[in-house]
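Dumped structure_37.txt below, it's compact mmCIF, C-alpha atoms:
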```
# COMPACT_ATOMS: atom_id res chain seq x y z
CA MET A 22 -10.40 6.84 -17.92
CA LYS A 23 -10.66 6.19 -14.18
CA GLN A 24 -7.47 6.88 -12.23
CA ILE A 25 -6.06 3.77 -10.49
CA LYS A 26 -5.98 4.02 -6.70
CA VAL A 27 -3.26 2.24 -4.72
CA TYR A 28 -2.78 1.70 -0.99
CA LEU A 29 0.75 0.85 0.16
CA ASP A 30 1.09 -0.86 3.51
CA ASN A 31 3.87 -0.13 5.97
CA CYS A 32 6.13 -3.00 4.90
CA CYS A 33 5.93 -1.71 1.33
CA TYR A 34 7.00 1.79 2.41
CA ASN A 35 9.87 0.31 4.40
CA ARG A 36 11.13 -2.01 1.64
CA PRO A 37 13.97 0.34 0.57
CA TYR A 38 15.41 0.07 4.08
CA ASP A 39 15.68 -3.75 3.93
CA ASP A 40 18.75 -5.79 2.92
CA GLN A 41 19.18 -4.97 -0.77
CA SER A 42 21.62 -7.84 -1.37
CA GLN A 43 18.60 -10.13 -1.85
CA ILE A 44 17.35 -9.90 -5.44
CA ARG A 45 13.65 -10.05 -4.55
CA ILE A 46 14.01 -7.21 -2.06
CA SER A 47 16.03 -5.16 -4.53
CA LEU A 48 13.43 -5.64 -7.28
CA GLU A 49 10.54 -4.79 -4.94
CA THR A 50 12.44 -1.68 -3.83
CA GLN A 51 12.94 -0.55 -7.43
CA ALA A 52 9.27 -1.16 -8.17
CA LYS A 53 8.18 0.70 -5.03
CA ILE A 54 10.34 3.70 -5.99
CA GLN A 55 8.80 3.64 -9.49
CA ILE A 56 5.32 3.54 -7.96
CA GLN A 57 6.16 6.57 -5.81
CA SER A 58 7.27 8.41 -8.95
CA MET A 59 4.00 7.47 -10.66
CA ILE A 60 2.10 8.85 -7.67
CA LYS A 61 4.10 12.09 -7.68
CA ASN A 62 3.52 12.44 -11.45
CA GLY A 63 -0.23 11.94 -11.06
CA GLU A 64 -0.30 8.70 -13.08
CA ILE A 65 -1.91 6.84 -10.16
CA GLU A 66 -3.60 7.99 -6.95
CA LEU A 67 -2.33 7.30 -3.43
CA VAL A 68 -4.76 6.08 -0.81
CA SER A 69 -3.80 6.05 2.85
CA SER A 70 -5.25 5.96 6.33
CA TYR A 71 -4.96 6.80 9.97
CA VAL A 72 -4.02 3.12 10.47
CA LEU A 73 -0.91 3.54 8.32
CA LEU A 74 0.13 6.79 9.98
CA TYR A 75 -0.38 5.26 13.43
CA GLU A 76 1.70 2.18 12.54
CA ASN A 77 4.36 4.39 10.99
CA SER A 78 4.51 6.49 14.18
CA LYS A 79 5.77 3.35 15.96
CA ASN A 80 8.79 3.10 13.65
CA PRO A 81 11.87 3.39 15.87
CA HIS A 82 13.87 4.97 13.03
CA GLU A 83 12.89 8.63 13.20
CA LEU A 84 14.16 9.60 9.73
CA ARG A 85 12.31 6.70 8.07
CA GLN A 86 9.17 7.55 10.01
CA LYS A 87 9.35 11.21 8.96
CA THR A 88 10.11 10.37 5.31
CA ILE A 89 7.13 8.03 5.03
CA ARG A 90 4.78 10.42 6.86
CA ASN A 91 5.81 13.33 4.64
CA PHE A 92 5.39 11.32 1.43
CA VAL A 93 1.89 10.29 2.46
CA LYS A 94 0.84 13.77 3.54
CA GLU A 95 2.21 15.39 0.37
CA ASN A 96 0.76 12.87 -2.09
CA VAL A 97 -2.40 11.29 -0.69
CA THR A 98 -5.58 11.83 -2.69
CA THR A 99 -7.94 9.68 -0.61
CA TYR A 100 -7.52 9.37 3.15
CA ILE A 101 -9.51 7.24 5.57
CA ASP A 102 -9.43 9.09 8.88
CA VAL A 103 -10.41 8.03 12.37
CA ASP A 104 -14.00 9.22 11.71
CA HIS A 105 -14.40 5.97 9.73
CA ALA A 106 -13.07 3.78 12.58
CA ASP A 107 -16.37 2.02 13.36
CA GLU A 108 -17.03 1.08 9.74
CA GLU A 109 -13.37 0.15 9.26
CA LYS A 110 -13.35 -2.07 12.37
CA LEU A 111 -16.45 -4.00 11.25
CA LEU A 112 -14.82 -4.74 7.91
CA ALA A 113 -11.46 -5.54 9.54
CA ASP A 114 -13.16 -8.04 11.86
CA GLN A 115 -14.58 -9.87 8.82
CA ILE A 116 -11.09 -9.97 7.28
CA ILE A 117 -9.51 -11.16 10.55
CA ALA A 118 -12.02 -14.03 10.59
CA THR A 119 -10.35 -15.34 7.40
CA GLY A 120 -6.99 -15.64 9.18
CA VAL A 121 -5.42 -12.28 8.32
CA LYS A 122 -3.40 -10.67 11.13
CA THR A 123 -5.13 -7.80 12.94
CA ALA A 124 -2.95 -4.91 11.78
CA ASP A 125 -2.99 -6.15 8.18
CA ALA A 126 -6.77 -6.52 8.26
CA HIS A 127 -7.18 -2.91 9.37
CA HIS A 128 -5.00 -1.72 6.47
CA VAL A 129 -6.97 -3.79 3.95
CA ALA A 130 -10.27 -2.55 5.40
CA CYS A 131 -9.16 1.07 4.97
CA ALA A 132 -8.07 0.39 1.40
CA ILE A 133 -11.45 -1.15 0.60
CA LEU A 134 -13.38 1.71 2.23
CA ALA A 135 -11.35 4.19 0.16
CA GLY A 136 -12.20 2.42 -3.09
CA SER A 137 -8.64 1.30 -3.80
CA ASP A 138 -8.03 -0.79 -6.86
CA TYR A 139 -4.79 -2.27 -5.52
CA PHE A 140 -3.33 -3.00 -2.11
CA LEU A 141 0.46 -3.18 -2.30
CA THR A 142 2.41 -5.22 0.22
CA THR A 143 5.60 -7.26 0.46
CA ASP A 144 4.07 -9.56 3.10
CA ASP A 145 3.81 -13.06 1.56
CA ARG A 146 1.23 -14.20 4.10
CA LEU A 147 -1.02 -11.21 3.42
CA LEU A 148 -0.69 -11.70 -0.33
CA LYS A 149 -2.58 -14.99 0.08
CA TYR A 150 -5.74 -13.11 1.14
CA LYS A 151 -8.22 -12.82 -1.72
CA THR A 152 -11.18 -10.50 -2.09
CA ASP A 153 -13.24 -9.28 -5.01
CA LYS A 154 -13.04 -5.72 -3.65
CA LEU A 155 -9.40 -5.05 -4.62
CA GLN A 156 -6.24 -6.80 -5.79
CA LEU A 157 -3.47 -7.55 -3.29
CA VAL A 158 -0.11 -7.60 -5.07
CA ASP A 159 3.54 -6.91 -4.38
CA PRO A 160 5.16 -3.84 -5.98
CA THR A 161 6.76 -5.78 -8.85
CA GLU A 162 3.46 -7.46 -9.75
CA PHE A 163 1.73 -4.08 -9.70
CA ILE A 164 4.27 -2.67 -12.17
CA ARG A 165 3.74 -5.69 -14.47
CA LYS A 166 -0.04 -5.32 -14.34
CA TRP A 167 0.10 -1.56 -14.82
CA GLU A 168 2.38 -1.88 -17.86
CA VAL A 169 0.06 -4.47 -19.44
CA ASP A 170 -3.03 -2.36 -18.75
CA LYS A 171 -1.34 0.78 -20.06
CA ASN A 172 -0.27 -0.97 -23.26
CA ASP A 173 -3.74 -2.50 -23.74
CA ASP A 174 -5.34 0.96 -23.40
CA GLY A 175 -3.01 2.34 -26.05
CA LYS A 176 -4.18 -0.09 -28.73
```

Starting from the file, lay out its structure as structure tokens.
Amino acid sequence: MKQIKVYLDNCCYNRPYDDQSQIRISLETQAKIQIQSMIKNGEIELVSSYVLLYENSKNPHELRQKTIRNFVKENVTTYIDVDHADEEKLLADQIIATGVKTADAHHVACAILAGSDYFLTTDDRLLKYKTDKLQLVDPTEFIRKWEVDKNDDGK
């Protein structure tokens, strides 16, 4: 069976640092932590990119920045590096033309180039973007879909 590939955007990585008193944020944080465990356990593959590491380098919270960078470097199985920038930019420009913000479009383009099955984000506006190349979902929706797929495969 093909291993599922997931790309987490920067807001997804930073979800545990948001205000956990809001139930949605708390649930997305729990799901994101579960997804990280699944990645560490080899149940799913992590995809990442130079775009994510660049955006993360702008994080003013040094410990958060380092934690995210280390997780990516230790667990990534597919990485889109700057050598793919021209191809990535062409695809990102097509995505931007649909109304997606520039930074988000570059993340999605990298995820598509890497062959990701899922793009995980907590950005409601970005979640409205649809493509047949991958599924954009929030962490809780990914967990629901993964559980259903896993149970269907077991039958």

How close does segment 67-142 of chain A get to segment 55-62 of chain A? List, as CSV, each residue of segment 67-142 of chain A within 10 Å, its nearest atom pair and the distance in Å to one decimal, counting only C-alpha atoms.
```
residue,atom,partner,partner_atom,distance
A:Leu67,CA,A:Ile60,CA,6.3
A:Phe92,CA,A:Gln57,CA,8.7
A:Glu95,CA,A:Lys61,CA,8.9
A:Asn96,CA,A:Lys61,CA,6.6
A:Val97,CA,A:Ile60,CA,8.7
A:Thr98,CA,A:Ile60,CA,9.6
```

Could you give me the centre and size, in Å to one decimal, of an axis-aligned box around all listed atoms of segment 115-121 of chain A with 5 Å added on every side, as lines of an AutoDock Vina configuration file?
```
center_x = -10.0
center_y = -12.8
center_z = 8.9
size_x = 19.2
size_y = 15.8
size_z = 13.3
```

Sort by chain and increasing residue number a table of all residues of segment 109-135 of chain A within 12 Å of segment 27-37 of chain A, each with its closest pair of atoms and their distance in Å to one decimal, counting only C-alpha atoms, and write it as a tab-separated table.
```
residue	atom	partner	partner_atom	distance
A:Ala124	CA	A:Asp30	CA	10.1
A:Asp125	CA	A:Asp30	CA	8.2
A:Ala126	CA	A:Asp30	CA	10.8
A:His127	CA	A:Asp30	CA	10.3
A:His128	CA	A:Asp30	CA	6.8
A:Val129	CA	A:Tyr28	CA	8.5
A:Ala130	CA	A:Tyr28	CA	10.7
A:Cys131	CA	A:Tyr28	CA	8.8
A:Ala132	CA	A:Tyr28	CA	6.0
A:Ile133	CA	A:Tyr28	CA	9.3
A:Leu134	CA	A:Tyr28	CA	11.1
A:Ala135	CA	A:Tyr28	CA	9.0
```

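We find atom CA of Asp114 of chain A and atom CA of Asp153 of chain A to be spaced 16.9 Å apart.
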
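Atom pair atom CA of Val103 of chain A / atom CA of Ser70 of chain A has a distance of 8.2 Å (rounded to one decimal).
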
Rounded to one decimal place, report the atom CA of Arg85 of chain A-atom CA of Gln41 of chain A distance in Å.
-> 16.2 Å

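The nearest approach to Lys26 of chain A among the residues A:Gly136, A:Gly63, A:Pro81, A:Gly120, with all atoms listed in the file taken into account, belongs to A:Gly136.
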
Show which residues sit within 12 Å of Lys151 of chain A, as a PyMOL selection string. Count all atoms listed in the file, and ignore same-chain residues fewer than 5 positions away.
-> chain A and resi 116+119-121+126+129+139-140+146+156-158

Write the residues of the selection above to a file with C-alpha atoms, as a CSV table (one decimal), in the coordinates of the input.
```
chain,number,residue,atom,x,y,z
A,116,ILE,CA,-11.1,-10.0,7.3
A,119,THR,CA,-10.4,-15.3,7.4
A,120,GLY,CA,-7.0,-15.6,9.2
A,121,VAL,CA,-5.4,-12.3,8.3
A,126,ALA,CA,-6.8,-6.5,8.3
A,129,VAL,CA,-7.0,-3.8,4.0
A,139,TYR,CA,-4.8,-2.3,-5.5
A,140,PHE,CA,-3.3,-3.0,-2.1
A,146,ARG,CA,1.2,-14.2,4.1
A,156,GLN,CA,-6.2,-6.8,-5.8
A,157,LEU,CA,-3.5,-7.6,-3.3
A,158,VAL,CA,-0.1,-7.6,-5.1
```

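Among the candidates A:Lys23, A:Lys122, A:Lys87, A:His105, the one nearest to Ile65 of chain A when counting all atoms listed in the file is A:Lys23.
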
Counting only C-alpha atoms, what is within 10 Å of Thr161 of chain A, bar same-chain residues fewer than 4 positions away, as a ChimeraX atom specification?
-> /A:45,48-53,55-56,141,143,165-167

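Of the residues under consideration (A:Thr152, A:His82, A:Glu162, A:Asp40), A:Thr152 shows the shortest atom-to-atom contact distance to Gln115 of chain A when counting all atoms listed in the file.
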
Can you take the partial segment 103-114 of chain A, add all heavy atoms, and return it as an mmCIF file, keeping the file's coordinate frame?
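Generated file (result_39.cif):
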```
data_model
loop_
_atom_site.group_PDB
_atom_site.id
_atom_site.type_symbol
_atom_site.label_atom_id
_atom_site.label_comp_id
_atom_site.auth_asym_id
_atom_site.auth_seq_id
_atom_site.Cartn_x
_atom_site.Cartn_y
_atom_site.Cartn_z
ATOM 1 N N VAL A 103 -9.867 8.716 11.203
ATOM 2 C CA VAL A 103 -10.410 8.030 12.370
ATOM 3 C C VAL A 103 -11.937 8.145 12.446
ATOM 4 O O VAL A 103 -12.594 7.329 13.102
ATOM 5 C CB VAL A 103 -9.711 8.528 13.658
ATOM 6 C CG1 VAL A 103 -10.178 9.916 14.040
ATOM 7 C CG2 VAL A 103 -9.888 7.542 14.795
ATOM 8 N N ASP A 104 -12.534 9.101 11.747
ATOM 9 C CA ASP A 104 -14.000 9.220 11.710
ATOM 10 C C ASP A 104 -14.655 7.976 11.104
ATOM 11 O O ASP A 104 -15.840 7.740 11.306
ATOM 12 C CB ASP A 104 -14.428 10.447 10.906
ATOM 13 C CG ASP A 104 -14.050 11.756 11.581
ATOM 14 O OD1 ASP A 104 -13.718 11.739 12.793
ATOM 15 O OD2 ASP A 104 -14.077 12.794 10.902
ATOM 16 N N HIS A 105 -13.887 7.192 10.360
ATOM 17 C CA HIS A 105 -14.400 5.970 9.730
ATOM 18 C C HIS A 105 -14.055 4.715 10.547
ATOM 19 O O HIS A 105 -14.215 3.594 10.062
ATOM 20 C CB HIS A 105 -13.817 5.811 8.320
ATOM 21 C CG HIS A 105 -14.281 6.869 7.376
ATOM 22 N ND1 HIS A 105 -13.616 8.063 7.222
ATOM 23 C CD2 HIS A 105 -15.342 6.916 6.549
ATOM 24 C CE1 HIS A 105 -14.253 8.796 6.332
ATOM 25 N NE2 HIS A 105 -15.302 8.129 5.911
ATOM 26 N N ALA A 106 -13.585 4.895 11.783
ATOM 27 C CA ALA A 106 -13.070 3.780 12.580
ATOM 28 C C ALA A 106 -14.113 2.681 12.816
ATOM 29 O O ALA A 106 -13.781 1.491 12.749
ATOM 30 C CB ALA A 106 -12.521 4.278 13.905
ATOM 31 N N ASP A 107 -15.350 3.044 13.084
ATOM 32 C CA ASP A 107 -16.370 2.020 13.360
ATOM 33 C C ASP A 107 -16.622 1.151 12.129
ATOM 34 O O ASP A 107 -16.634 -0.084 12.218
ATOM 35 C CB ASP A 107 -17.680 2.665 13.822
ATOM 36 C CG ASP A 107 -17.574 3.301 15.198
ATOM 37 O OD1 ASP A 107 -16.636 2.950 15.948
ATOM 38 O OD2 ASP A 107 -18.424 4.159 15.517
ATOM 39 N N GLU A 108 -16.803 1.799 10.993
ATOM 40 C CA GLU A 108 -17.030 1.080 9.740
ATOM 41 C C GLU A 108 -15.797 0.246 9.371
ATOM 42 O O GLU A 108 -15.911 -0.909 8.958
ATOM 43 C CB GLU A 108 -17.341 2.103 8.640
ATOM 44 C CG GLU A 108 -17.720 1.529 7.322
ATOM 45 C CD GLU A 108 -18.005 2.614 6.293
ATOM 46 O OE1 GLU A 108 -17.791 3.810 6.558
ATOM 47 O OE2 GLU A 108 -18.442 2.234 5.196
ATOM 48 N N GLU A 109 -14.629 0.837 9.565
ATOM 49 C CA GLU A 109 -13.370 0.150 9.260
ATOM 50 C C GLU A 109 -13.199 -1.072 10.153
ATOM 51 O O GLU A 109 -12.798 -2.146 9.706
ATOM 52 C CB GLU A 109 -12.215 1.142 9.415
ATOM 53 C CG GLU A 109 -10.836 0.570 9.177
ATOM 54 C CD GLU A 109 -10.192 0.072 10.447
ATOM 55 O OE1 GLU A 109 -10.292 0.755 11.482
ATOM 56 O OE2 GLU A 109 -9.595 -1.026 10.407
ATOM 57 N N LYS A 110 -13.513 -0.951 11.432
ATOM 58 C CA LYS A 110 -13.350 -2.070 12.370
ATOM 59 C C LYS A 110 -14.289 -3.222 12.023
ATOM 60 O O LYS A 110 -13.882 -4.392 12.087
ATOM 61 C CB LYS A 110 -13.575 -1.626 13.807
ATOM 62 C CG LYS A 110 -13.284 -2.738 14.809
ATOM 63 C CD LYS A 110 -13.490 -2.296 16.227
ATOM 64 C CE LYS A 110 -13.238 -3.394 17.246
ATOM 65 N NZ LYS A 110 -13.446 -4.744 16.856
ATOM 66 N N LEU A 111 -15.519 -2.927 11.643
ATOM 67 C CA LEU A 111 -16.450 -4.000 11.250
ATOM 68 C C LEU A 111 -15.902 -4.789 10.065
ATOM 69 O O LEU A 111 -15.933 -6.022 10.059
ATOM 70 C CB LEU A 111 -17.816 -3.405 10.879
ATOM 71 C CG LEU A 111 -18.696 -2.944 12.029
ATOM 72 C CD1 LEU A 111 -19.944 -2.232 11.497
ATOM 73 C CD2 LEU A 111 -19.090 -4.127 12.904
ATOM 74 N N LEU A 112 -15.393 -4.080 9.078
ATOM 75 C CA LEU A 112 -14.820 -4.740 7.910
ATOM 76 C C LEU A 112 -13.551 -5.494 8.286
ATOM 77 O O LEU A 112 -13.342 -6.636 7.852
ATOM 78 C CB LEU A 112 -14.551 -3.703 6.812
ATOM 79 C CG LEU A 112 -14.064 -4.211 5.468
ATOM 80 C CD1 LEU A 112 -14.966 -5.306 4.911
ATOM 81 C CD2 LEU A 112 -13.981 -3.043 4.478
ATOM 82 N N ALA A 113 -12.705 -4.888 9.109
ATOM 83 C CA ALA A 113 -11.460 -5.540 9.540
ATOM 84 C C ALA A 113 -11.762 -6.837 10.291
ATOM 85 O O ALA A 113 -11.075 -7.844 10.094
ATOM 86 C CB ALA A 113 -10.640 -4.596 10.411
ATOM 87 N N ASP A 114 -12.799 -6.829 11.123
ATOM 88 C CA ASP A 114 -13.160 -8.040 11.860
ATOM 89 C C ASP A 114 -13.549 -9.179 10.918
ATOM 90 O O ASP A 114 -13.206 -10.339 11.164
ATOM 91 C CB ASP A 114 -14.302 -7.753 12.845
ATOM 92 C CG ASP A 114 -13.859 -6.950 14.063
ATOM 93 O OD1 ASP A 114 -12.629 -6.851 14.314
ATOM 94 O OD2 ASP A 114 -14.743 -6.404 14.760
#
```
